[in-house]
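Here the structure comes first, spelled out in structure tokens, and everything after it is commentary.
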Amino acid sequence: MTQTITLLSPAKLNLFLHVNGRREDGYHELQTLFQFLAYGDEITLRLNQTKEIKLLTPVKGVKHEDNLIVKAAKILLPLNKTHQGIEISIDKRLPMGGGLGGGSSNAATILLALNKLWKINLPLPELAKLGLTLGADVPIFVSGFAAFADGVGEKLMPASPEECWYLVSKPEVHISTQAVFQSDELPRNTPKILAENLDTKHSQNDCEDVVTKHYPEVANLLATLVEYAPSRMTGTGACIFTPFNSEKEARHIQSQLPKDIETFVAKGVNQSPVHQALEKLTQVTGEK
Ligand SMILES: C[C@](O)(CO)[C@H](O)COP(=O)(O)OP(=O)(O)OC[C@H]1O[C@@H](n2ccc(N)nc2=O)[C@H](O)[C@@H]1O
Ligand SMILES: Nc1ncnc2c1ncn2[C@@H]1O[C@H](COP(=O)(O)OP(=O)(O)OP(=O)(O)O)[C@@H](O)[C@H]1O
């Protein structure tokens, strides 16, 4: 098996996010449409002979033992069928607390890669179940296809939203997912829709009003962006995505925005780049 692999750990967008209710354990029943972006963090994994998990590049503000990369690797360590440990490094590009699911994506990328490198070969649904213990967004990244999600985000039905280009903009605020879900002002009564009645035009992000009310930075940026194209918040914020038919249009609007706003342009994709890369690796090495 190849000793070193580098994978793109992608961002996700919630093309809509409906909050349908609150469960007894405090978690919320959601319906959402997930799509990936061909943009994310770059994670490099290198097998070594130490039997240990080493993270060579700490993530700013995250303690080693709290890092979802380390937590994901620790879950699979007891199942390791080789005598090899792993060295991991990450080039972090996704803003944290942006609603782009960067931490969950990193966890899923590690689960998928080590499942292969350590010859564990768990089926994806089992890997997704392990991932759910790390975060509600991990299963979508493990499954690897765009999906309409129900439950807390773990019941996934494949979907094929249009793969347009997105301008993603990050207001200068960090929003806690937990704080948004705990807010008394969050509406929690959007009726459930059936997967066959998916309609992104008549949908919304139920977290948007409470976030824009408390964070003028998000409200102002959203107001600017809707002048160009329909724009919406992803997850519990703070990032806002604006769809375009072409990269050129997205880059043109990007160039019009004030320079102090963090932005990137990326294509929406319905298959995760991690799965594509790992499949290619299997084809090249012939190993499963
Ligand atoms: C908002 C979304 O990003 C939409 O995709 C996800 O639902 C959140 O996924 P996540 O960041 O992986 O969330 P977790 O780390 O599992 O949960 C963070 C906190 O958000 C709240 N939470 C999360 C998901 C959910 N369905 N209901 C909740 O109430 C819980 O208080 C939890 O303590
Ligand atoms: N490898 C990691 N990368 C990023 N965040 C991590 C990582 N490991 C742990 N975390 C913690 O997870 C928190 C959420 O990070 P993440 O980037 O997933 O946020 P998010 O994009 O807002 O997610 P969501 O879509 O769930 O709202 C961070 O504030 C950080 O404390």
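Just remember, in the structure tokens the first chain shown is A, the second B, etc., residues are 1-based per chain, and ligands are 1-based in the order shown.
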Might you pull out every residue within 7 Å of Leu56 (chain A), with only C-alpha atoms counted and same-chain residues fewer than 4 positions away left off, and present them as a PyMOL selection string? chain A and resi 87-89
Could you save those same residues with C-alpha atoms as a CSV table (one decimal), in the first residue's frame?
```csv
chain,number,residue,atom,x,y,z
A,87,GLU,CA,1.6,10.5,10.9
A,88,ILE,CA,-1.0,13.1,10.0
A,89,SER,CA,-0.6,16.7,8.9
```
Using only C-alpha atoms, I'd like a table of the residues in region 72-107 of chain A that come within 9 Å of region 216-239 of chain A; for each, show the closest atom pair and its distance in Å rounded to one decimal, ordered by chain and ascending number, as a Markdown table.
```
| residue | atom | partner | partner_atom | distance |
| --- | --- | --- | --- | --- |
| A:Pro95 | CA | A:Cys239 | CA | 8.8 |
| A:Gly97 | CA | A:Ala238 | CA | 7.1 |
| A:Gly98 | CA | A:Ala238 | CA | 4.8 |
| A:Gly99 | CA | A:Gly235 | CA | 4.5 |
| A:Leu100 | CA | A:Thr234 | CA | 6.8 |
| A:Gly101 | CA | A:Gly235 | CA | 8.2 |
```
What residues have any atom no more than 6 Å from ligand 1 when counting only C-alpha atoms and all ligand atoms, and can you list them as a list in words? Gly26, Tyr27, His28, Glu29, Leu30, Gly99, Ser104, Gly135, Ala136, Asp137, Val152, Thr177, Gln178, Phe181, Gly235 and Thr236 of chain A
Could you give me, as a list in words, the residues within 10 Å of His202 (chain A), counting only C-alpha atoms and dropping anything in the same chain fewer than 3 positions from it?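 Everything that qualifies: Phe16, Leu198 and Asp199 of chain A.
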Picked from region 46-240 of chain A by DSSP as alpha helix (DSSP H), as a PyMOL selection string: chain A and resi 68-76+102-117+124-132+138-143+177-182+208-214+216-225
DSSP-assigned strand (DSSP E) among region 223-263 of chain A, expressed as a list in words: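 Here are the strand (DSSP E) residues of region 223-263 of chain A: Arg232, Met233, Ile240, Phe241, Thr242, Pro243, Phe244, Glu262 and Thr263 of chain A.
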Residues near Gln271 (chain A), anyone? I mean within 9 Å using only C-alpha atoms, not counting same-chain ones fewer than 3 positions away, as a PyMOL selection string. chain A and resi 35-36+144-146+274-276
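Here CA of Glu247 (chain A) stands at a distance of 13.6 Å from CA of Thr263 (chain A).
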Pick from A:Ala149, A:Lys155, A:Glu249, A:Ile53 nearest to Asn14 (chain A), counting only C-alpha atoms: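 Residue with the minimum atom-to-atom distance to Asn14 (chain A): A:Ala149.
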Calculated over only C-alpha atoms and all ligand atoms, which of the candidates A:Arg93, A:Lys119, A:Arg251, A:Lys51 has the smallest distance to ligand 2? A:Arg93
Proximity to ligand 2 - best of A:Leu167, A:Ala128, A:Leu94, A:Leu45, only C-alpha atoms and all ligand atoms: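 Nearest candidate to ligand 2 out of A:Leu167, A:Ala128, A:Leu94, A:Leu45: A:Leu94.
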Residue with smallest distance to ligand 2 - pool A:Val59, A:Ala73, A:Ile110, A:Ala159, counting only C-alpha atoms and all ligand atoms: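 Smallest separation from ligand 2 among the options: A:Val59.
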So that I can check the surroundings of Arg188 (chain A), please list as a short mmCIF file (atom, residue, chain, number, x, y, z; two decimals) with N, CA and C atoms, in the first residue's frame every protein, DNA and RNA residue that reaches within 6 Å of it, counting only C-alpha atoms and ignoring chain neighbours fewer than 2 positions away.
```cif
data_model
loop_
_atom_site.label_atom_id
_atom_site.label_comp_id
_atom_site.auth_asym_id
_atom_site.auth_seq_id
_atom_site.Cartn_x
_atom_site.Cartn_y
_atom_site.Cartn_z
N VAL A 19 -35.55 23.27 10.75
CA VAL A 19 -35.58 22.71 12.10
C VAL A 19 -37.02 22.28 12.36
N ASN A 20 -37.21 20.97 12.58
CA ASN A 20 -38.56 20.42 12.69
C ASN A 20 -39.00 20.16 14.12
N GLY A 21 -38.07 20.16 15.05
CA GLY A 21 -38.47 19.89 16.43
C GLY A 21 -37.24 19.65 17.28
#
```
Counting only C-alpha atoms and all ligand atoms, which of A:Thr109, A:Ser143, A:Asn80, A:Ser246 gets nearest to ligand 2?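 The closest residue to ligand 2 is A:Thr109.
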With only C-alpha atoms as the counted atoms, please give the residues lying no more than 10 Å from Lys74 (chain A), apart from itself and same-chain residues fewer than 6 positions off, as a VMD selection string. chain A and resid 52 to 53 65 68 111
Using C-alpha atoms, can you export the residues from the last selection as a PDB file, in the first residue's frame?
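What follows is the written file part_11.pdb:
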```pdb
ATOM      1  CA  GLU A  52       1.209   5.554  17.280  1.00  0.00           C
ATOM      2  CA  ILE A  53      -1.053   8.362  16.083  1.00  0.00           C
ATOM      3  CA  GLU A  65      -6.939  15.434  22.454  1.00  0.00           C
ATOM      4  CA  LEU A  68     -11.465  15.562  15.675  1.00  0.00           C
ATOM      5  CA  LEU A 111     -11.994   7.471   9.166  1.00  0.00           C
TER       6      LEU A 111
END
```
Neighbours of Lys116 (chain A) within 12 Å (only C-alpha atoms; same-chain residues fewer than 3 positions away dropped), as a PyMOL selection string? chain A and resi 1-3+5+45+47+76+79-82+109-113+119-124+127+275+277-279+281-282+285+287-288
May I ask for the distance between CA of Leu33 (chain A) and CA of Thr200 (chain A), given in Å to one decimal place?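 Computing the Euclidean distance for CA of Leu33 (chain A) and CA of Thr200 (chain A) yields 8.3 Å.
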